[in-house]
Amino acid sequence: MSMFDKLIANLKETRRTIVFTEGTDARILSAADRLIKDDLMDIILCGNVEAVKAAAAEGGFQVDAATIIDPDNYEGFDEMVSTMVTLRKGKMTPEQCAANLKKSNYFGTMLVKMGKADALLGGATYSTADTVRPALQLIKCKPGNKNVSSCFVLNRTNPDGTETRLVFGDCAIQINPDEDALVETAIECAKTAEFFGIDPKVAMLSYSTKGSGKGDDVTKVVNATAKVKAAAPELKVDGEMQFDAATSPTVGQLKFPGSPVAGQANTFIFPEIQSGNIGYKIAQRLGGFAAYGPILQGLNASINDLSRGCVADEVYWMAIVTAGMA
């Protein structure tokens, strides 16, 4: 079964509404056209109504079934401002909230917060920070979480028709996470892996395997691994380990004998963003994996980010992921 089969089946059974923050972007409109034709979800496009319609007509996209909402002419805007003032707890004035809500990244996030949409996908033109910041301020973290992390789900169809499916985290949000942030990332990545049909075997990555190297960076991963095991004793997790020990059964049992994860890991927790970002792009460009993400983790709602270099096909599949996880 393809990693998307279950998601699509669930979306056909349970109708979801997704909001796109960049309603005039050709890639968004192309994906929206396809999603409407496939009847997978209800769609809200943020932007000036005439501008969105003009952009759709220019590209030949059929989005008449989508709801287009202009923040400048939204009937419920005053209620939205009042709600945001309450959520910000004195950190923003009504005037500041109104100014932010005129921006579609804040406006779209508030539609999710107020139950007008189930999920949000943005970032075709907004930066990751501009997608995450409104989510943190308005949606906030799930109970028990203090951080937002991210992961990429990597999928490759093998010559025999089977699929290899992996999770890499964090490759987009946490620049240099401390021990506790790594713990949250590992646990959330394991949950994401399970959602996509992966039985998580979590490798806490390092340049050291089982004490072969020394230094603060190694100590951070060692301590984080111990905390993950204490917080989620049912989870198959081990570390610290190098990538070859995590993926090669021969190397894994040589360097980390007896480990339930070494040599068979499928969920990889990188110690900081540089190695994670480089790692998933190597897998994508040289390993032949399709990369879906960044999938944001730890929030109270399904909100995801796009790369500004994305193409319409990536928007389509990420919309399915985002709505499916709502």
# chains A, B, ... in the order shown; residues from 1 in each chain; ligands from 1
>>> residues_around(residues="Val153 in chain A", least_positions_apart="6", cutoff="9 Å", atoms="only C-alpha atoms", output="count of residues only")
14
>>> residues_around(residues="range 258-270 of chain A", least_positions_apart="3", cutoff="8 Å", atoms="only C-alpha atoms", output="PyMOL selection string")
chain A and resi 165-171+182+185-186+189-190+193+198+200-206+236-238+241+244-253+273+275-276
>>> closest_residue(among="A:Asn300, A:Leu87, A:Glu163, A:Met80", to="Pro143 in chain A", atoms="only C-alpha atoms")
A:Asn300
>>> atom_distance(atom1="CA of Met110 in chain A", atom2="CA of Gly298 in chain A")
17.7 Å
>>> residues_around(residues="Leu7 in chain A", least_positions_apart="4", cutoff="9 Å", atoms="only C-alpha atoms", output="PyMOL selection string")
chain A and resi 3+11-12+196+320-321+323-325
>>> write_last_selection(atoms="N, CA, C and O atoms", output="PDB file, in the first residue's frame")
ATOM      1  N   MET A   3       2.077   5.027   0.726  1.00  0.00           N
ATOM      2  CA  MET A   3       1.956   5.800   1.957  1.00  0.00           C
ATOM      3  C   MET A   3       0.782   6.770   1.917  1.00  0.00           C
ATOM      4  O   MET A   3       0.326   7.244   2.954  1.00  0.00           O
ATOM      5  N   LEU A  11      -9.527  10.749   3.992  1.00  0.00           N
ATOM      6  CA  LEU A  11     -10.046  12.048   3.580  1.00  0.00           C
ATOM      7  C   LEU A  11     -11.377  11.908   2.853  1.00  0.00           C
ATOM      8  O   LEU A  11     -12.235  12.791   2.926  1.00  0.00           O
ATOM      9  N   LYS A  12     -11.559  10.821   2.139  1.00  0.00           N
ATOM     10  CA  LYS A  12     -12.830  10.595   1.446  1.00  0.00           C
ATOM     11  C   LYS A  12     -13.947  10.247   2.426  1.00  0.00           C
ATOM     12  O   LYS A  12     -15.126  10.486   2.168  1.00  0.00           O
ATOM     13  N   PHE A 196       2.512   7.154   9.533  1.00  0.00           N
ATOM     14  CA  PHE A 196       2.766   6.782   8.147  1.00  0.00           C
ATOM     15  C   PHE A 196       3.071   5.290   7.984  1.00  0.00           C
ATOM     16  O   PHE A 196       3.664   4.874   7.001  1.00  0.00           O
ATOM     17  N   ILE A 320      -2.456  16.843   1.116  1.00  0.00           N
ATOM     18  CA  ILE A 320      -3.039  15.568   1.532  1.00  0.00           C
ATOM     19  C   ILE A 320      -2.491  15.161   2.906  1.00  0.00           C
ATOM     20  O   ILE A 320      -3.230  14.714   3.786  1.00  0.00           O
ATOM     21  N   VAL A 321      -1.176  15.326   3.086  1.00  0.00           N
ATOM     22  CA  VAL A 321      -0.562  15.018   4.383  1.00  0.00           C
ATOM     23  C   VAL A 321      -1.152  15.904   5.469  1.00  0.00           C
ATOM     24  O   VAL A 321      -1.550  15.434   6.555  1.00  0.00           O
ATOM     25  N   ALA A 323      -3.986  17.822   5.600  1.00  0.00           N
ATOM     26  CA  ALA A 323      -5.398  17.575   5.896  1.00  0.00           C
ATOM     27  C   ALA A 323      -5.583  16.205   6.543  1.00  0.00           C
ATOM     28  O   ALA A 323      -6.389  16.034   7.468  1.00  0.00           O
ATOM     29  N   GLY A 324      -4.809  15.232   6.086  1.00  0.00           N
ATOM     30  CA  GLY A 324      -4.913  13.883   6.627  1.00  0.00           C
ATOM     31  C   GLY A 324      -4.492  13.781   8.072  1.00  0.00           C
ATOM     32  O   GLY A 324      -4.982  12.932   8.827  1.00  0.00           O
ATOM     33  N   MET A 325      -3.575  14.648   8.503  1.00  0.00           N
ATOM     34  CA  MET A 325      -3.101  14.638   9.888  1.00  0.00           C
ATOM     35  C   MET A 325      -3.966  15.485  10.805  1.00  0.00           C
ATOM     36  O   MET A 325      -3.752  15.500  12.021  1.00  0.00           O
TER      37      MET A 325
END
